[in-house]
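Shown next: coords-v1.tsv, given as TSV, C-alpha atoms and all ligand atoms.
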chain	number	residue	atom	x	y	z
S	1	MET	CA	-33.83	41.58	1.25
S	2	VAL	CA	-30.95	39.11	0.84
S	3	LYS	CA	-31.55	35.84	2.62
S	4	ILE	CA	-28.38	34.55	4.27
S	5	ILE	CA	-28.12	30.80	3.93
S	6	SER	CA	-25.78	29.31	6.47
S	7	PRO	CA	-23.38	26.79	4.92
S	8	LEU	CA	-23.96	23.12	5.59
S	9	PRO	CA	-21.82	21.92	8.47
S	10	ASN	CA	-18.73	19.94	7.61
S	11	LEU	CA	-19.19	16.36	6.50
S	12	ILE	CA	-16.36	14.20	7.80
S	13	THR	CA	-15.91	10.67	6.49
S	14	VAL	CA	-14.45	8.45	9.21
S	15	PHE	CA	-12.97	5.21	7.88
S	16	GLY	CA	-12.93	2.76	10.78
S	17	GLY	CA	-15.66	4.79	12.52
S	18	THR	CA	-16.95	1.71	14.34
S	19	GLY	CA	-13.61	0.84	15.95
S	20	PHE	CA	-12.31	1.65	19.43
S	21	LEU	CA	-10.83	5.00	18.41
S	22	GLY	CA	-13.26	5.57	15.53
S	23	ARG	CA	-16.27	5.51	17.88
S	24	ALA	CA	-14.68	8.13	20.13
S	25	ILE	CA	-13.87	10.31	17.10
S	26	VAL	CA	-17.43	10.03	15.75
S	27	HIS	CA	-18.78	10.99	19.17
S	28	ARG	CA	-16.58	14.10	19.36
S	29	LEU	CA	-17.34	15.25	15.83
S	30	VAL	CA	-21.09	14.81	16.28
S	31	GLU	CA	-20.96	16.64	19.61
S	32	SER	CA	-19.24	19.56	17.91
S	33	GLY	CA	-22.10	19.78	15.38
S	34	MET	CA	-20.43	18.17	12.36
S	35	ARG	CA	-22.04	15.66	10.06
S	36	VAL	CA	-20.27	12.32	10.05
S	37	ARG	CA	-20.20	9.43	7.61
S	38	ILE	CA	-19.20	6.24	9.42
S	39	VAL	CA	-17.38	3.90	7.07
S	40	ALA	CA	-16.47	0.27	7.68
S	41	ARG	CA	-16.99	-3.13	6.11
S	42	HIS	CA	-19.81	-3.67	8.61
S	43	PRO	CA	-20.98	-0.16	9.53
S	44	ARG	CA	-23.13	0.21	12.65
S	45	ALA	CA	-24.87	3.25	14.07
S	46	PRO	CA	-23.51	4.42	17.41
S	47	ASN	CA	-25.78	4.87	20.38
S	48	LEU	CA	-25.80	8.67	20.33
S	49	ALA	CA	-29.10	10.12	21.38
S	50	GLY	CA	-30.33	12.98	19.23
S	51	ALA	CA	-27.60	12.60	16.60
S	52	ARG	CA	-29.57	10.73	13.95
S	53	GLY	CA	-29.66	13.52	11.40
S	54	GLN	CA	-25.91	14.05	11.65
S	55	ILE	CA	-24.83	10.47	11.03
S	56	ALA	CA	-24.75	8.41	7.85
S	57	LEU	CA	-23.49	4.86	7.46
S	58	GLN	CA	-21.54	3.65	4.45
S	59	ARG	CA	-20.17	0.21	3.69
S	60	ALA	CA	-16.66	0.29	2.21
S	61	ASP	CA	-13.42	-1.64	2.24
S	62	VAL	CA	-10.18	0.31	1.96
S	63	ARG	CA	-8.98	-2.41	-0.43
S	64	ASP	CA	-11.73	-1.52	-2.89
S	65	GLU	CA	-11.33	1.57	-5.15
S	66	ASP	CA	-15.00	2.15	-5.92
S	67	SER	CA	-16.25	1.81	-2.38
S	68	VAL	CA	-13.55	4.21	-1.11
S	69	ALA	CA	-14.48	6.78	-3.77
S	70	GLU	CA	-18.17	6.44	-2.90
S	71	ALA	CA	-17.45	6.90	0.81
S	72	LEU	CA	-15.67	10.19	0.09
S	73	LYS	CA	-18.37	11.81	-2.07
S	74	GLY	CA	-19.32	15.26	-0.78
S	75	ALA	CA	-17.02	15.04	2.26
S	76	THR	CA	-15.09	18.10	3.43
S	77	GLY	CA	-12.67	16.09	5.55
S	78	VAL	CA	-11.60	12.50	6.07
S	79	VAL	CA	-10.15	10.55	8.96
S	80	ASN	CA	-8.54	7.17	8.34
S	81	ALA	CA	-8.81	5.19	11.60
S	82	VAL	CA	-8.85	1.73	10.04
S	83	GLY	CA	-7.17	-0.85	12.24
S	84	LEU	CA	-5.72	-4.30	11.59
S	85	TYR	CA	-3.54	-6.02	14.19
S	86	VAL	CA	-3.59	-9.61	12.93
S	87	GLU	CA	-3.35	-10.47	9.24
S	88	GLN	CA	-6.23	-12.58	7.93
S	89	GLY	CA	-6.17	-13.95	4.37
S	90	GLN	CA	-6.16	-11.05	1.90
S	91	ALA	CA	-6.38	-8.52	4.74
S	92	THR	CA	-2.63	-8.12	5.13
S	93	PHE	CA	-0.78	-5.25	6.83
S	94	ARG	CA	0.40	-4.18	3.39
S	95	ALA	CA	-3.11	-4.23	1.91
S	96	ILE	CA	-4.63	-2.20	4.76
S	97	HIS	CA	-1.93	-0.01	6.28
S	98	GLU	CA	0.05	0.69	3.13
S	99	GLU	CA	-2.10	0.26	0.00
S	100	GLY	CA	-5.38	1.09	1.78
S	101	ALA	CA	-3.85	4.21	3.33
S	102	GLU	CA	-2.57	5.27	-0.08
S	103	ARG	CA	-5.97	4.62	-1.69
S	104	VAL	CA	-7.81	6.76	0.85
S	105	ALA	CA	-5.28	9.60	0.43
S	106	ARG	CA	-5.30	9.46	-3.37
S	107	ARG	CA	-9.07	9.28	-3.67
S	108	ALA	CA	-9.47	12.07	-1.10
S	109	GLY	CA	-7.13	14.26	-3.17
S	110	GLU	CA	-9.02	13.45	-6.38
S	111	ALA	CA	-12.31	14.31	-4.65
S	112	GLY	CA	-10.91	17.76	-3.76
S	113	ILE	CA	-11.02	17.09	-0.02
S	114	ARG	CA	-8.79	19.52	1.86
S	115	ARG	CA	-8.35	17.85	5.23
S	116	LEU	CA	-7.04	14.31	5.76
S	117	ILE	CA	-6.14	12.92	9.17
S	118	HIS	CA	-4.27	9.66	8.98
S	119	ILE	CA	-4.08	7.63	12.20
S	120	SER	CA	-0.81	5.77	12.54
S	121	GLY	CA	1.14	4.87	15.68
S	122	ILE	CA	4.29	5.69	17.63
S	123	GLY	CA	7.07	3.29	16.70
S	124	VAL	CA	6.37	2.94	12.98
S	125	ASP	CA	9.68	2.26	11.30
S	126	PRO	CA	10.56	1.09	7.78
S	127	ALA	CA	13.53	-0.81	9.26
S	128	SER	CA	11.54	-2.53	12.02
S	129	ALA	CA	11.62	-6.31	12.37
S	130	SER	CA	7.83	-6.04	12.73
S	131	LYS	CA	5.88	-6.42	9.49
S	132	TYR	CA	3.13	-4.30	11.06
S	133	ALA	CA	5.44	-1.39	11.94
S	134	ARG	CA	7.05	-1.50	8.48
S	135	ALA	CA	3.71	-1.45	6.64
S	136	ARG	CA	2.55	1.48	8.78
S	137	ALA	CA	5.76	3.39	8.02
S	138	TYR	CA	5.40	2.81	4.27
S	139	GLY	CA	1.73	3.80	4.58
S	140	GLU	CA	2.70	7.11	6.18
S	141	GLN	CA	5.27	7.72	3.43
S	142	ARG	CA	2.70	7.10	0.70
S	143	VAL	CA	0.14	9.34	2.40
S	144	ARG	CA	2.72	12.14	2.68
S	145	GLU	CA	3.74	11.83	-0.98
S	146	ILE	CA	0.18	11.85	-2.29
S	147	PHE	CA	-1.42	14.26	0.19
S	148	PRO	CA	1.35	16.49	1.59
S	149	ASN	CA	-1.14	18.44	3.70
S	150	ALA	CA	-2.35	15.38	5.56
S	151	THR	CA	-2.00	15.43	9.33
S	152	ILE	CA	-0.58	12.21	10.75
S	153	LEU	CA	-1.45	11.30	14.33
S	154	ARG	CA	0.64	8.63	16.02
S	155	PRO	CA	-0.89	7.55	19.33
S	156	SER	CA	0.91	5.34	21.83
S	157	VAL	CA	-1.11	2.40	23.17
S	158	MET	CA	-4.66	3.63	23.89
S	159	PHE	CA	-6.79	2.91	26.94
S	160	GLY	CA	-10.42	3.57	27.75
S	161	PRO	CA	-13.55	1.70	28.77
S	162	ASN	CA	-13.69	-1.70	27.02
S	163	ASP	CA	-10.23	-1.31	25.53
S	164	ALA	CA	-7.94	-4.16	24.50
S	165	PHE	CA	-4.97	-2.94	26.56
S	166	LEU	CA	-6.23	-2.75	30.16
S	167	ASN	CA	-8.69	-5.51	29.41
S	168	SER	CA	-5.88	-7.94	28.57
S	169	LEU	CA	-3.86	-6.86	31.62
S	170	LYS	CA	-6.90	-7.47	33.79
S	171	THR	CA	-7.16	-10.96	32.34
S	172	VAL	CA	-3.47	-11.77	32.67
S	173	THR	CA	-3.40	-10.65	36.31
S	174	ARG	CA	-5.88	-13.42	37.11
S	175	LEU	CA	-3.01	-15.89	36.69
S	176	PRO	CA	-1.18	-16.85	39.88
S	177	VAL	CA	2.09	-15.70	38.28
S	178	VAL	CA	2.14	-12.81	35.79
S	179	PRO	CA	4.66	-13.26	32.96
S	180	LEU	CA	6.53	-10.12	31.93
S	181	PHE	CA	7.87	-9.27	28.48
S	182	GLY	CA	11.60	-9.54	29.22
S	183	GLN	CA	12.27	-7.73	32.49
S	184	GLY	CA	9.08	-5.68	32.01
S	185	SER	CA	11.21	-2.59	31.51
S	186	THR	CA	9.88	-1.53	28.08
S	187	ARG	CA	8.47	1.98	28.44
S	188	LEU	CA	4.97	2.81	27.24
S	189	GLN	CA	3.08	6.09	27.33
S	190	PRO	CA	-0.57	4.99	27.41
S	191	VAL	CA	-2.96	7.58	26.06
S	192	TYR	CA	-6.65	7.97	26.82
S	193	VAL	CA	-8.69	7.25	23.67
S	194	GLU	CA	-10.86	10.33	24.26
S	195	ASP	CA	-7.76	12.54	24.24
S	196	VAL	CA	-6.81	11.21	20.80
S	197	ALA	CA	-10.37	11.90	19.61
S	198	ARG	CA	-10.07	15.45	20.99
S	199	ALA	CA	-6.84	15.81	19.02
S	200	VAL	CA	-8.65	14.82	15.81
S	201	LEU	CA	-11.27	17.52	16.35
S	202	GLN	CA	-8.61	20.06	17.23
S	203	VAL	CA	-6.60	19.26	14.10
S	204	LEU	CA	-9.70	19.72	11.93
S	205	GLU	CA	-10.12	23.16	13.44
S	206	MET	CA	-6.45	24.16	13.13
S	207	PRO	CA	-5.32	24.80	9.53
S	208	GLU	CA	-1.73	25.10	10.78
S	209	ALA	CA	-1.81	21.42	11.77
S	210	SER	CA	-1.92	20.48	8.07
S	211	GLY	CA	1.17	18.68	6.86
S	212	LYS	CA	2.39	17.89	10.38
S	213	THR	CA	2.93	14.67	12.31
S	214	PHE	CA	1.99	14.51	16.00
S	215	GLU	CA	3.12	11.86	18.48
S	216	LEU	CA	0.38	11.43	21.05
S	217	GLY	CA	1.53	9.90	24.31
S	218	GLY	CA	-0.34	10.16	27.59
S	219	ALA	CA	0.60	12.28	30.60
S	220	ARG	CA	3.39	9.92	31.72
S	221	ALA	CA	5.60	7.10	30.48
S	222	TYR	CA	5.74	3.90	32.56
S	223	ARG	CA	7.66	0.66	32.47
S	224	TYR	CA	5.38	-2.21	31.47
S	225	ARG	CA	5.83	-3.80	34.92
S	226	ASP	CA	4.74	-0.54	36.62
S	227	ILE	CA	1.48	-0.60	34.66
S	228	ILE	CA	0.90	-4.23	35.69
S	229	GLU	CA	1.56	-3.26	39.30
S	230	GLN	CA	-0.94	-0.41	39.07
S	231	VAL	CA	-3.59	-2.77	37.72
S	232	LEU	CA	-2.82	-5.31	40.48
S	233	THR	CA	-3.08	-2.63	43.15
S	234	HIS	CA	-6.33	-1.34	41.72
S	235	LEU	CA	-7.82	-4.84	41.68
S	236	SER	CA	-6.42	-5.62	45.15
S	237	ARG	CA	-4.52	-8.60	43.75
S	238	ARG	CA	-1.05	-9.74	44.84
S	239	ARG	CA	0.89	-11.67	42.23
S	240	LEU	CA	4.45	-12.70	41.51
S	241	LEU	CA	5.85	-10.98	38.40
S	242	LEU	CA	7.94	-13.39	36.33
S	243	PRO	CA	10.48	-12.03	33.81
S	244	VAL	CA	10.34	-14.11	30.59
S	245	PRO	CA	13.06	-13.57	27.94
S	246	PHE	CA	11.90	-12.21	24.59
S	247	VAL	CA	13.38	-15.23	22.82
S	248	VAL	CA	10.84	-17.38	24.68
S	249	TRP	CA	7.99	-15.00	23.75
S	250	ARG	CA	9.04	-15.16	20.09
S	251	LEU	CA	8.96	-18.94	20.22
S	252	LEU	CA	5.53	-18.92	21.89
S	253	ALA	CA	4.24	-16.48	19.27
S	254	ARG	CA	5.45	-18.73	16.45
S	255	ILE	CA	3.66	-21.69	18.02
S	256	ALA	CA	0.53	-19.57	18.66
S	257	SER	CA	0.47	-18.51	14.99
S	258	LEU	CA	-0.55	-22.10	14.14
S	259	LEU	CA	-3.81	-21.59	16.06
S	260	PRO	CA	-6.91	-20.15	14.32
S	261	ASN	CA	-7.27	-17.19	16.74
S	262	ALA	CA	-3.73	-16.68	17.99
S	263	PRO	CA	-3.75	-14.95	21.40
S	264	LEU	CA	-0.26	-13.56	20.68
S	265	THR	CA	1.51	-12.59	17.47
S	266	LEU	CA	5.17	-12.20	16.60
S	267	ASP	CA	4.53	-8.55	15.72
S	268	GLN	CA	3.14	-7.88	19.20
S	269	VAL	CA	6.23	-9.43	20.78
S	270	ILE	CA	8.60	-7.46	18.55
S	271	LEU	CA	6.76	-4.22	19.34
S	272	MET	CA	7.10	-4.93	23.09
S	273	GLU	CA	10.89	-5.10	22.70
S	274	THR	CA	11.11	-1.35	21.99
S	275	ASP	CA	9.98	1.65	24.04
S	276	ASN	CA	6.75	3.23	22.75
S	277	VAL	CA	6.92	6.84	23.92
S	278	ALA	CA	6.57	10.17	22.13
S	279	ASN	CA	9.79	11.48	20.60
S	280	ALA	CA	10.99	14.55	22.52
S	281	LYS	CA	11.44	16.44	19.23
S	282	ALA	CA	7.99	15.61	17.83
S	283	SER	CA	4.86	17.78	17.87
S	284	THR	CA	2.59	16.53	20.66
S	285	PHE	CA	-0.67	17.21	22.52
S	286	ASN	CA	1.02	20.31	23.86
S	287	ASP	CA	1.08	21.83	20.37
S	288	LEU	CA	-2.65	21.16	20.10
S	289	GLY	CA	-3.39	22.82	23.45
S	290	ILE	CA	-4.55	19.53	24.97
S	291	GLU	CA	-3.49	18.26	28.38
S	292	PRO	CA	-3.79	14.47	28.28
S	293	CYS	CA	-5.32	12.52	31.18
S	294	SER	CA	-3.06	10.26	33.18
S	295	LEU	CA	-3.54	6.53	33.54
S	296	GLU	CA	-4.02	6.98	37.31
S	297	GLN	CA	-6.87	9.43	36.72
S	298	MET	CA	-8.76	7.08	34.43
S	299	LEU	CA	-7.79	3.61	35.69
S	300	SER	CA	-10.79	3.25	37.94
S	301	ALA	CA	-13.32	4.33	35.30
S	302	CYS	CA	-11.74	2.07	32.70
S	303	LEU	CA	-11.24	-1.05	34.78
S	304	ASP	CA	-14.61	-0.80	36.48
S	305	GLU	CA	-16.41	-0.59	33.15
S	306	LEU	CA	-14.55	-3.51	31.63
S	307	SER	CA	-16.75	-6.44	30.88
S	308	CYS	CA	-14.23	-9.20	31.62
P	1	LIG	N1	-5.75	0.66	19.91
P	1	LIG	C1	-4.53	1.11	20.17
P	1	LIG	O1	-3.99	1.00	21.29
P	1	LIG	C2	-3.77	1.85	19.08
P	1	LIG	C3	-2.49	2.38	19.39
P	1	LIG	C4	-1.81	3.10	18.41
P	1	LIG	C5	-2.36	3.26	17.14
P	1	LIG	N2	-3.59	2.72	16.87
P	1	LIG	C6	-4.16	2.94	15.54
P	1	LIG	O2	-5.42	3.60	15.66
P	1	LIG	C7	-6.27	3.19	14.58
P	1	LIG	C8	-7.59	2.68	15.15
P	1	LIG	O3	-7.31	1.55	15.97
P	1	LIG	P1	-8.48	0.82	16.80
P	1	LIG	O4	-7.82	0.13	17.93
P	1	LIG	O5	-9.59	1.77	17.03
P	1	LIG	O6	-8.94	-0.28	15.75
P	1	LIG	P2	-10.19	-1.28	15.87
P	1	LIG	O7	-10.93	-1.10	17.12
P	1	LIG	O8	-9.66	-2.64	15.53
P	1	LIG	O9	-11.16	-0.81	14.69
P	1	LIG	C9	-10.81	-1.01	13.36
P	1	LIG	C10	-11.82	-0.31	12.47
P	1	LIG	O10	-11.38	-0.45	11.11
P	1	LIG	C11	-12.45	-1.02	10.34
P	1	LIG	N3	-11.83	-1.81	9.27
P	1	LIG	C12	-11.00	-2.88	9.41
P	1	LIG	N4	-10.63	-3.32	8.20
P	1	LIG	C13	-11.22	-2.51	7.29
P	1	LIG	C14	-11.21	-2.45	5.88
P	1	LIG	N5	-10.53	-3.35	5.13
P	1	LIG	N6	-11.90	-1.47	5.24
P	1	LIG	C15	-12.60	-0.57	5.97
P	1	LIG	N7	-12.65	-0.56	7.32
P	1	LIG	C16	-11.97	-1.54	7.97
P	1	LIG	C17	-13.24	-1.86	11.34
P	1	LIG	O11	-14.58	-2.10	10.93
P	1	LIG	P3	-14.97	-3.42	10.05
P	1	LIG	O12	-14.26	-4.57	10.68
P	1	LIG	O13	-16.45	-3.49	10.10
P	1	LIG	O14	-14.47	-3.12	8.67
P	1	LIG	C18	-13.23	-0.90	12.53
P	1	LIG	O15	-14.17	0.13	12.34
P	1	LIG	C19	-5.48	2.16	13.79
P	1	LIG	O16	-4.81	2.80	12.75
P	1	LIG	C20	-4.48	1.65	14.80
P	1	LIG	O17	-3.35	1.08	14.22
P	1	LIG	C21	-4.30	2.02	17.79
If you convert what's in this file into structure tokens, what do you get?
Amino acid sequence: MVKIISPLPNLITVFGGTGFLGRAIVHRLVESGMRVRIVARHPRAPNLAGARGQIALQRADVRDEDSVAEALKGATGVVNAVGLYVEQGQATFRAIHEEGAERVARRAGEAGIRRLIHISGIGVDPASASKYARARAYGEQRVREIFPNATILRPSVMFGPNDAFLNSLKTVTRLPVVPLFGQGSTRLQPVYVEDVARAVLQVLEMPEASGKTFELGGARAYRYRDIIEQVLTHLSRRRLLLPVPFVVWRLLARIASLLPNAPLTLDQVILMETDNVANAKASTFNDLGIEPCSLEQMLSACLDELSC
């Protein structure tokens, strides 16, 4: 009698698997029965009951060839969810979002890995005044050249329990007067972090998603000031909203950059000058069969769980 040996489940290496999005991705993949290798400079096991046998931890830095190659050994798929928002010493946007992205793609190709999901962001642009947005755009280009079948996911700003986005709005609405970026009319399409994680799983299960780029915005686009107003209403706070010209924000960001832990960077200000919504011509959640949650639906759960 022939004994049928079922194949080992997929092993997905998740670079940045301890981050805000990375944790949600790991959770989804584990839930779906996959094995996951969590990769970071300081890897930590998630608190996922019963998932011990499915999770491995690996220390690696996307700036280091050998550690990247080691992290990819035996993997069937790879997700690059490494994040860097503020440059620190050698950890520059170029080193992480451009060269690191290229390294992961090249090493994944050399290792014979078929599926690569590269997390980028809406608004990446090689001509942007933002160093961050330029590095991300060049990173995408390099990934595409080296690994044409990669799937690129570009989320808008993400929210969820303990996020940076709603958390910072909650903090800023403690002030008696809430300063707006310009008139507060920049449009954002906040997306629930769990929806982006669902998209990652869906892409892994859809061969036809290979080689495509998806722009992942939430259910609705809002002006920045409308989001602030929603947060104020939810927290039962009444505040004056004060428009502050972008030229003033740029100046403040330049001054803040002299501080060790700058609360505001020039890149953040530049990014707030442009709408951050999914391009109408792009592939979106719709093409993945996912209906994203709205901010209204999740606001309570997210704000109530915030620790601030
Ligand atoms: N959060 C948002 O609203 C948002 C919106 C659009 C796009 N995105 C994109 O989504 C991705 C994930 O963002 P996130 O907010 O989840 O980031 P995050 O919370 O800051 O997490 C970053 C992750 O990357 C790891 N990492 C940082 N530098 C590394 C390095 N040199 N080598 C290896 N791992 C490194 C970190 O772990 P260690 O520090 O231990 O290495 C951590 O696991 C990023 O590409 C980001 O640009 C985020």
Kindly provide, as JSON, the centre and edge lengths (Å, one decimal) of an axis-aligned box around all atoms of ligand LIG 1 (chain P) given in the file, with 6 Å on each side.
{"center_x": -9.1, "center_y": -0.5, "center_z": 13.2, "size_x": 26.6, "size_y": 20.2, "size_z": 28.2}
Point out the residue among S:Leu188, S:Ile55, S:Leu180, S:Ala49 with the least atom-to-atom distance to ligand LIG 1 (chain P), counting only C-alpha atoms and all ligand atoms.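 Closest to ligand LIG 1 (chain P) of all the choices is S:Leu188.
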What does the distance from atom C2 of ligand LIG 1 (chain P) to atom CA of Leu259 of chain S come to in Å, to one decimal? 23.6 Å
Nearest to ligand LIG 1 (chain P) by atom-to-atom distance, counting all atoms listed in the file, from S:Ala24, S:Leu166, S:Ala127, S:Met158: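 Between S:Ala24, S:Leu166, S:Ala127, S:Met158, the residue approaching ligand LIG 1 (chain P) most closely is S:Met158.
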Please extract the residues at most 6 Å from ligand LIG 1 (chain P), counting all atoms listed in the file, and provide them as a PyMOL selection string, using the chain letters and residue numbers of this document. chain S and resi 15-22+40-43+60-63+81-84+119-121+155-158
Suppose we keep C-alpha atoms; can you now write the selection as a short mmCIF file (atom, residue, chain, number, x, y, z; two decimals), keeping the file's coordinate frame?
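Output (part.cif):
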data_model
loop_
_atom_site.label_atom_id
_atom_site.label_comp_id
_atom_site.auth_asym_id
_atom_site.auth_seq_id
_atom_site.Cartn_x
_atom_site.Cartn_y
_atom_site.Cartn_z
CA PHE S 15 -12.97 5.21 7.88
CA GLY S 16 -12.93 2.76 10.78
CA GLY S 17 -15.66 4.79 12.52
CA THR S 18 -16.95 1.71 14.34
CA GLY S 19 -13.61 0.84 15.95
CA PHE S 20 -12.31 1.65 19.43
CA LEU S 21 -10.83 5.00 18.41
CA GLY S 22 -13.26 5.57 15.53
CA ALA S 40 -16.47 0.27 7.68
CA ARG S 41 -16.99 -3.13 6.11
CA HIS S 42 -19.81 -3.67 8.61
CA PRO S 43 -20.98 -0.16 9.53
CA ALA S 60 -16.66 0.29 2.21
CA ASP S 61 -13.42 -1.64 2.24
CA VAL S 62 -10.18 0.31 1.96
CA ARG S 63 -8.98 -2.41 -0.43
CA ALA S 81 -8.81 5.19 11.60
CA VAL S 82 -8.85 1.73 10.04
CA GLY S 83 -7.17 -0.85 12.24
CA LEU S 84 -5.72 -4.30 11.59
CA ILE S 119 -4.08 7.63 12.20
CA SER S 120 -0.81 5.77 12.54
CA GLY S 121 1.14 4.87 15.68
CA PRO S 155 -0.89 7.55 19.33
CA SER S 156 0.91 5.34 21.83
CA VAL S 157 -1.11 2.40 23.17
CA MET S 158 -4.66 3.63 23.89
#
Best match for closeness to Glu145 of chain S among S:His97, S:Arg44, S:Arg37, S:Arg106, counting all atoms listed in the file: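 Selected residue with least distance to Glu145 of chain S: S:Arg106.
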Find the residues around Leu264 of chain S up to 9 Å (all atoms listed in the file counted), leave out those fewer than 4 positions away in its own chain, and share them as an MDAnalysis selection string. chainID S and resid 249 252:254 256:257 268:269
Just the number, please: distance in Å from atom CA of Arg134 of chain S to atom CA of Glu98 of chain S, one decimal. 9.1 Å
Using all atoms listed in the file, which residue out of S:Tyr132, S:Tyr222, S:Tyr192, S:Phe147 lies closest to Arg114 of chain S?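 The shortest atom-to-atom distance to Arg114 of chain S comes from S:Phe147.
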Can you work out the spacing between atom CA of Gly77 of chain S and atom CA of Asn10 of chain S in Å, to one decimal?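 Atom-to-atom, atom CA of Gly77 of chain S to atom CA of Asn10 of chain S, that is 7.5 Å.
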So, with all atoms listed in the file as the atoms that count, which of S:Leu29, S:Val39, S:Ala133, S:Met34 lies closest to Val14 of chain S?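 Smallest distance to Val14 of chain S is found for S:Val39.
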